[in-house]
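A.B. asks: File upload-v3.txt follows (compact mmCIF, C-alpha atoms):
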```txt
# COMPACT_ATOMS: atom_id res chain seq x y z
CA MET A 1 21.41 -136.93 12.91
CA GLY A 2 18.77 -134.64 11.34
CA LYS A 3 16.89 -135.22 8.12
CA LYS A 4 18.55 -134.93 4.71
CA VAL A 5 19.94 -131.51 3.75
CA ALA A 6 17.12 -129.15 2.72
CA VAL A 7 17.57 -127.24 -0.55
CA VAL A 8 16.23 -123.68 -0.89
CA THR A 9 16.37 -121.49 -3.99
CA ASP A 10 14.46 -118.56 -5.53
CA SER A 11 11.45 -118.54 -7.85
CA THR A 12 13.75 -117.00 -10.49
CA ALA A 13 15.60 -120.31 -10.84
CA SER A 14 12.54 -121.13 -13.03
CA ILE A 15 12.69 -124.87 -12.28
CA PRO A 16 9.60 -126.65 -13.67
CA GLU A 17 7.07 -127.44 -10.93
CA PRO A 18 7.18 -131.24 -11.36
CA MET A 19 10.95 -131.18 -10.70
CA LEU A 20 10.52 -128.99 -7.62
CA LYS A 21 8.08 -131.53 -6.19
CA GLU A 22 10.04 -134.62 -7.20
CA LEU A 23 13.32 -133.29 -5.77
CA ASP A 24 11.77 -131.52 -2.76
CA ILE A 25 13.27 -128.11 -3.62
CA HIS A 26 11.86 -125.20 -1.60
CA THR A 27 11.51 -121.87 -3.40
CA VAL A 28 11.18 -118.33 -2.11
CA ALA A 29 9.16 -115.99 -4.31
CA TYR A 30 10.44 -112.72 -5.75
CA TYR A 31 8.18 -109.64 -5.74
CA ILE A 32 6.78 -107.88 -8.79
CA HIS A 33 5.46 -104.34 -8.33
CA ARG A 34 2.92 -103.53 -11.04
CA GLY A 35 1.57 -100.07 -10.40
CA GLU A 36 0.00 -100.29 -6.95
CA GLU A 37 -0.16 -104.08 -7.04
CA VAL A 38 2.40 -106.26 -5.28
CA LEU A 39 2.59 -109.70 -6.88
CA ARG A 40 4.54 -112.76 -5.72
CA ASP A 41 6.41 -114.53 -8.50
CA LEU A 42 4.69 -117.85 -9.38
CA VAL A 43 2.45 -117.53 -6.31
CA THR A 44 -0.07 -114.77 -7.08
CA ILE A 45 0.92 -114.39 -10.75
CA GLN A 46 1.60 -117.18 -13.25
CA ARG A 47 3.61 -117.20 -16.46
CA GLU A 48 0.98 -117.09 -19.20
CA GLU A 49 -1.24 -114.45 -17.62
CA PHE A 50 1.79 -112.25 -16.90
CA LEU A 51 3.27 -112.51 -20.41
CA ASN A 52 -0.07 -111.68 -22.04
CA TRP A 53 -0.17 -108.53 -19.93
CA LEU A 54 3.55 -107.68 -20.43
CA ILE A 55 3.17 -107.51 -24.22
CA THR A 56 0.73 -104.61 -23.72
CA ALA A 57 2.64 -102.85 -20.91
CA ARG A 58 3.69 -99.25 -21.46
CA VAL A 59 5.54 -99.04 -18.18
CA LEU A 60 7.56 -101.99 -16.95
CA PRO A 61 6.81 -103.34 -13.51
CA THR A 62 9.75 -103.46 -11.12
CA THR A 63 11.02 -106.56 -9.37
CA ALA A 64 12.43 -106.96 -5.89
CA SER A 65 14.21 -109.84 -4.25
CA PRO A 66 12.71 -111.50 -1.19
CA GLY A 67 13.68 -109.86 2.10
CA PRO A 68 15.51 -111.43 5.06
CA GLY A 69 12.12 -112.17 6.65
CA ASP A 70 11.02 -114.25 3.65
CA TYR A 71 14.14 -116.41 3.84
CA PHE A 72 13.98 -116.63 7.64
CA GLU A 73 10.40 -117.89 7.43
CA THR A 74 11.43 -120.62 4.97
CA TYR A 75 14.50 -121.66 7.00
CA GLU A 76 12.47 -121.65 10.22
CA SER A 77 9.74 -123.89 8.82
CA LEU A 78 12.40 -126.34 7.52
CA MET A 79 14.03 -126.27 10.95
CA GLU A 80 10.65 -127.05 12.55
CA GLU A 81 10.30 -130.02 10.17
CA GLY A 82 13.52 -131.39 11.64
CA HIS A 83 16.16 -130.21 9.14
CA ASP A 84 19.39 -129.06 10.77
CA GLU A 85 21.31 -128.48 7.51
CA ILE A 86 20.06 -126.17 4.74
CA ILE A 87 21.74 -125.08 1.50
CA SER A 88 20.35 -121.84 0.05
CA ILE A 89 21.22 -121.14 -3.61
CA HIS A 90 20.76 -117.66 -5.11
CA MET A 91 20.92 -115.51 -8.22
CA THR A 92 24.05 -113.43 -8.86
CA SER A 93 24.55 -110.84 -6.12
CA LYS A 94 25.54 -108.38 -8.88
CA GLY A 95 21.97 -108.38 -10.17
CA SER A 96 19.85 -108.88 -7.07
CA GLY A 97 19.76 -108.44 -3.30
CA ALA A 98 18.65 -112.04 -2.66
CA TYR A 99 22.08 -113.31 -1.57
CA GLN A 100 22.52 -110.48 0.96
CA ALA A 101 18.98 -110.98 2.30
CA ALA A 102 19.63 -114.71 2.71
CA LEU A 103 22.86 -113.98 4.64
CA VAL A 104 20.89 -111.81 7.08
CA ALA A 105 18.33 -114.62 7.49
CA GLN A 106 21.20 -117.08 8.04
CA SER A 107 22.45 -115.03 11.02
CA MET A 108 18.86 -114.77 12.37
CA ILE A 109 18.56 -118.59 12.30
CA LYS A 110 21.96 -118.97 13.97
CA GLU A 111 20.78 -116.73 16.79
CA LYS A 112 17.59 -118.76 17.19
CA ASP A 113 19.31 -122.16 17.09
CA PRO A 114 23.11 -122.38 16.78
CA GLU A 115 22.79 -126.12 15.98
CA VAL A 116 21.15 -125.41 12.60
CA ARG A 117 23.57 -124.78 9.71
CA VAL A 118 22.54 -122.70 6.71
CA GLU A 119 25.02 -122.45 3.81
CA VAL A 120 24.20 -119.48 1.52
CA ILE A 121 25.60 -119.56 -2.02
CA ASP A 122 25.93 -116.76 -4.60
CA THR A 123 25.80 -118.66 -7.92
CA ARG A 124 27.00 -115.61 -9.92
CA ASN A 125 24.45 -116.93 -12.39
CA VAL A 126 20.77 -116.64 -13.14
CA SER A 127 17.76 -118.57 -14.46
CA LEU A 128 18.30 -122.30 -15.04
CA CYS A 129 22.07 -122.00 -14.40
CA GLN A 130 21.07 -121.25 -10.82
CA GLY A 131 18.36 -123.87 -11.33
CA TRP A 132 20.82 -126.62 -12.33
CA MET A 133 22.79 -125.98 -9.15
CA ALA A 134 19.65 -126.36 -7.03
CA ILE A 135 18.63 -129.50 -8.97
CA GLU A 136 22.04 -131.13 -8.56
CA ALA A 137 22.18 -130.10 -4.88
CA ALA A 138 18.76 -131.68 -4.31
CA ARG A 139 19.83 -134.90 -6.03
CA ALA A 140 22.94 -135.01 -3.86
CA ALA A 141 20.81 -134.43 -0.74
CA LEU A 142 18.48 -137.27 -1.72
CA ALA A 143 21.56 -139.47 -2.19
CA GLY A 144 22.52 -138.72 1.43
CA LEU A 145 25.47 -136.34 0.96
CA CYS A 146 26.20 -133.95 3.83
CA LEU A 147 26.02 -130.16 3.63
CA ASP A 148 29.77 -129.63 3.06
CA GLU A 149 29.86 -132.18 0.24
CA ILE A 150 26.85 -130.60 -1.46
CA ALA A 151 28.27 -127.08 -1.10
CA THR A 152 31.57 -128.21 -2.65
CA LYS A 153 29.67 -129.78 -5.55
CA VAL A 154 27.74 -126.53 -6.17
CA GLN A 155 30.89 -124.39 -5.95
CA ARG A 156 32.44 -126.54 -8.70
CA MET A 157 29.48 -125.78 -10.99
CA ILE A 158 29.63 -121.98 -10.58
CA PRO A 159 32.52 -121.30 -13.02
CA VAL A 160 31.31 -123.75 -15.69
CA ALA A 161 27.51 -123.21 -15.86
CA ARG A 162 26.69 -121.07 -18.91
CA MET A 163 23.67 -119.13 -20.07
CA ILE A 164 23.21 -118.00 -23.68
CA GLN A 165 20.00 -116.40 -24.81
CA THR A 166 18.56 -114.17 -27.47
CA ALA A 167 15.57 -111.89 -27.20
CA ASP A 168 13.24 -110.31 -29.72
CA THR A 169 14.53 -107.04 -28.35
CA LEU A 170 16.79 -105.75 -25.60
CA LYS A 171 14.12 -103.15 -24.76
CA TYR A 172 13.06 -104.94 -21.57
CA LEU A 173 16.58 -105.38 -20.16
CA TYR A 174 17.33 -101.77 -21.03
CA MET A 175 14.09 -100.36 -19.57
CA GLY A 176 14.63 -102.38 -16.40
CA GLY A 177 18.22 -101.18 -15.99
CA ARG A 178 19.64 -104.75 -16.06
CA ILE A 179 21.59 -104.44 -19.28
CA GLY A 180 25.01 -104.88 -17.62
CA LYS A 181 27.86 -104.60 -20.13
CA ALA A 182 25.62 -105.13 -23.16
CA THR A 183 24.51 -101.48 -23.62
CA ASN A 184 26.28 -101.23 -26.96
CA LEU A 185 23.79 -103.72 -28.42
CA VAL A 186 20.71 -101.63 -27.61
CA GLY A 187 20.56 -99.56 -30.78
CA SER A 188 20.84 -102.58 -33.06
CA LEU A 189 18.67 -102.78 -36.18
CA LEU A 190 15.28 -104.43 -35.87
CA ASN A 191 16.17 -107.78 -37.36
CA ILE A 192 19.47 -108.03 -35.51
CA LYS A 193 19.12 -110.47 -32.64
CA PRO A 194 21.47 -109.87 -29.71
CA LEU A 195 23.08 -112.82 -27.95
CA ILE A 196 23.74 -112.33 -24.27
CA GLY A 197 25.38 -114.40 -21.58
CA MET A 198 26.70 -113.99 -18.09
CA GLU A 199 30.29 -113.77 -16.91
CA ASP A 200 31.21 -113.52 -13.26
CA GLY A 201 27.67 -112.50 -12.37
CA GLU A 202 27.14 -109.77 -14.97
CA ILE A 203 25.23 -109.76 -18.25
CA VAL A 204 27.65 -109.58 -21.18
CA PRO A 205 27.18 -109.32 -24.96
CA LEU A 206 28.13 -112.46 -26.90
CA GLY A 207 27.52 -110.98 -30.35
CA VAL A 208 24.63 -110.42 -32.71
CA ALA A 209 22.97 -112.43 -35.46
CA ARG A 210 20.69 -111.46 -38.33
CA GLY A 211 17.32 -113.01 -37.56
CA ARG A 212 16.26 -115.76 -35.19
CA GLY A 213 17.47 -118.70 -37.29
CA HIS A 214 21.03 -117.36 -37.36
CA ALA A 215 20.83 -116.52 -33.66
CA TYR A 216 19.91 -120.12 -32.76
CA GLN A 217 22.67 -121.46 -35.00
CA ALA A 218 25.15 -119.13 -33.27
CA ILE A 219 23.98 -120.39 -29.85
CA ALA A 220 24.43 -124.01 -30.96
CA ASN A 221 27.93 -123.19 -32.26
CA LYS A 222 28.87 -121.53 -28.96
CA VAL A 223 27.73 -124.56 -26.97
CA GLU A 224 29.76 -126.82 -29.27
CA GLU A 225 32.86 -124.58 -28.93
CA THR A 226 32.60 -124.68 -25.13
CA LEU A 227 31.96 -128.40 -24.80
CA GLY A 228 34.19 -129.82 -27.52
CA LYS A 229 33.82 -133.57 -27.12
CA GLY A 230 32.32 -133.17 -23.64
CA ARG A 231 28.74 -133.79 -22.57
CA ALA A 232 26.26 -131.50 -20.85
CA ARG A 233 22.94 -131.12 -19.11
CA ILE A 234 20.89 -128.46 -20.91
CA ALA A 235 17.77 -126.56 -19.90
CA TYR A 236 16.15 -124.79 -22.84
CA VAL A 237 14.50 -121.65 -21.51
CA HIS A 238 11.96 -119.30 -23.02
CA ALA A 239 9.33 -116.67 -22.30
CA GLY A 240 6.25 -117.43 -24.38
CA ALA A 241 8.36 -118.96 -27.17
CA LYS A 242 8.05 -122.74 -26.81
CA GLN A 243 8.17 -123.49 -30.56
CA GLU A 244 11.24 -121.30 -30.93
CA VAL A 245 13.07 -123.05 -28.14
CA GLU A 246 12.19 -126.44 -29.63
CA ARG A 247 13.86 -125.26 -32.85
CA LEU A 248 16.94 -124.29 -30.84
CA LYS A 249 16.96 -127.68 -29.08
CA GLY A 250 17.07 -129.49 -32.42
CA LEU A 251 20.05 -127.43 -33.62
CA VAL A 252 22.01 -127.90 -30.38
CA GLU A 253 21.39 -131.62 -30.09
CA ASP A 254 22.64 -132.15 -33.64
CA LYS A 255 26.01 -130.85 -32.47
CA VAL A 256 26.64 -131.94 -28.90
CA GLU A 257 26.02 -134.90 -26.60
CA VAL A 258 23.33 -134.10 -24.08
CA VAL A 259 22.95 -136.34 -21.02
CA GLU A 260 19.78 -134.65 -19.78
CA SER A 261 17.57 -131.88 -21.08
CA PHE A 262 14.21 -130.26 -20.49
CA ILE A 263 12.30 -127.15 -21.56
CA ALA A 264 11.43 -124.53 -18.96
CA GLU A 265 9.65 -121.20 -19.06
CA LEU A 266 11.14 -118.21 -17.25
CA SER A 267 9.35 -117.06 -14.12
CA PRO A 268 7.49 -113.73 -14.42
CA ALA A 269 10.14 -111.93 -12.34
CA LEU A 270 12.77 -112.83 -14.98
CA ALA A 271 10.44 -112.37 -17.97
CA VAL A 272 10.05 -108.70 -16.90
CA HIS A 273 13.69 -108.15 -17.84
CA SER A 274 14.11 -110.37 -20.89
CA GLY A 275 10.68 -109.79 -22.40
CA PRO A 276 8.27 -112.03 -24.32
CA GLY A 277 9.90 -114.01 -27.16
CA THR A 278 13.11 -114.80 -25.28
CA ALA A 279 14.69 -118.14 -26.15
CA GLY A 280 17.97 -119.60 -24.95
CA LEU A 281 19.59 -122.22 -22.83
CA CYS A 282 21.49 -122.84 -19.64
CA PHE A 283 24.01 -125.65 -19.82
CA LEU A 284 26.10 -127.46 -17.29
CA PRO A 285 29.10 -129.37 -18.67
CA GLU A 286 29.70 -132.75 -17.03
CA ILE A 287 32.41 -132.21 -14.42
```
Would you encode the structure as structure tokens?
C.D. replies:
Amino acid sequence: MGKKVAVVTDSTASIPEPMLKELDIHTVAYYIHRGEEVLRDLVTIQREEFLNWLITARVLPTTASPGPGDYFETYESLMEEGHDEIISIHMTSKGSGAYQAALVAQSMIKEKDPEVRVEVIDTRNVSLCQGWMAIEAARAALAGLCLDEIATKVQRMIPVARMIQTADTLKYLYMGGRIGKATNLVGSLLNIKPLIGMEDGEIVPLGVARGRGHAYQAIANKVEETLGKGRARIAYVHAGAKQEVERLKGLVEDKVEVVESFIAELSPALAVHSGPGTAGLCFLPEI
């Protein structure tokens, strides 16, 4: 019997560092190409420094998912530590090549040692929705569940995890080509705040609100509509907007029962697309 199941996810899951350490979650860094520079998400560039620069940027950097070699290296080092079961949890394959790269790395590991099992999961989600799945997988691993049990648990979360966020502007999503089905919101008036979510792995418009206050109220209402009398785990996410997200937290927690919550800041590779001033949440109904 090998060690407990190892949990791997991407830097874009944006899980706060103390949780990564406490739950022993291994992350693989995305790439950010800024002019001639190649940065590694949360390795060679950190949140605050990146956001300060992004506000002034005239040309958006591009992001790239890790390659098969990056995942292989992570799986291999876990294998060398004695893990023979690994669950690898990734951003929607409709928005990134991470899932495909991880599948290639999975077959490379199988060739090297057929005894080691790597389960690769496309969360069809992003940010802390992906993050919640990694967190819950890690908790299950620490509790001694086997790989199949953990994978089943994660698969159950995929259809119910929900992201809702609003940005100061959709400029960054639009410039980065990640706007999905929300293109009709781009030309909105300055004070109109777009609400976006994700359905089956694609960004979708959830409506608009006039000003931030109304946008946060609309987010709280949507969470309440979804949950009804149910309870949820909620991660409040932002990019350089901690006070804003605290305001949102107050509105949401007036309406719904929250069993666990924390505030997290998006990783630079996600902040590229949403832009500074983003505030929102990722919630996981109790299932």
A.B. asks: Using all atoms listed in the file for the distances, tell me which of A:Ile32, A:Leu145, A:Val116, A:Val272 is nearest to Lys4 of chain A.
C.D. replies: A:Leu145
A.B. asks: What is the atom CA of Glu17 of chain A-atom CA of Glu265 of chain A distance in Å, reported with one decimal?
C.D. replies: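 Result for atom CA of Glu17 of chain A versus atom CA of Glu265 of chain A: 10.6 Å, one decimal.
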A.B. asks: Identify which of the residues A:Glu244, A:Glu149, A:Glu76, A:Asp10 lies closest to Ser267 of chain A, counting only C-alpha atoms when measuring atom-to-atom distances.
C.D. replies: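 Among the listed residues, the smallest separation from Ser267 of chain A belongs to A:Asp10.
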A.B. asks: Which one of A:His273, A:Lys222, A:Lys229, A:Lys112 sits closest to Leu251 of chain A if you count only C-alpha atoms?
C.D. replies: A:Lys222
A.B. asks: Within 10 Å of Arg34 of chain A, counting only C-alpha atoms, which residues show up once you throw out same-chain ones fewer than 4 positions away? Write them as a PyMOL selection string, please.
C.D. replies: chain A and resi 38-39+57+59-63
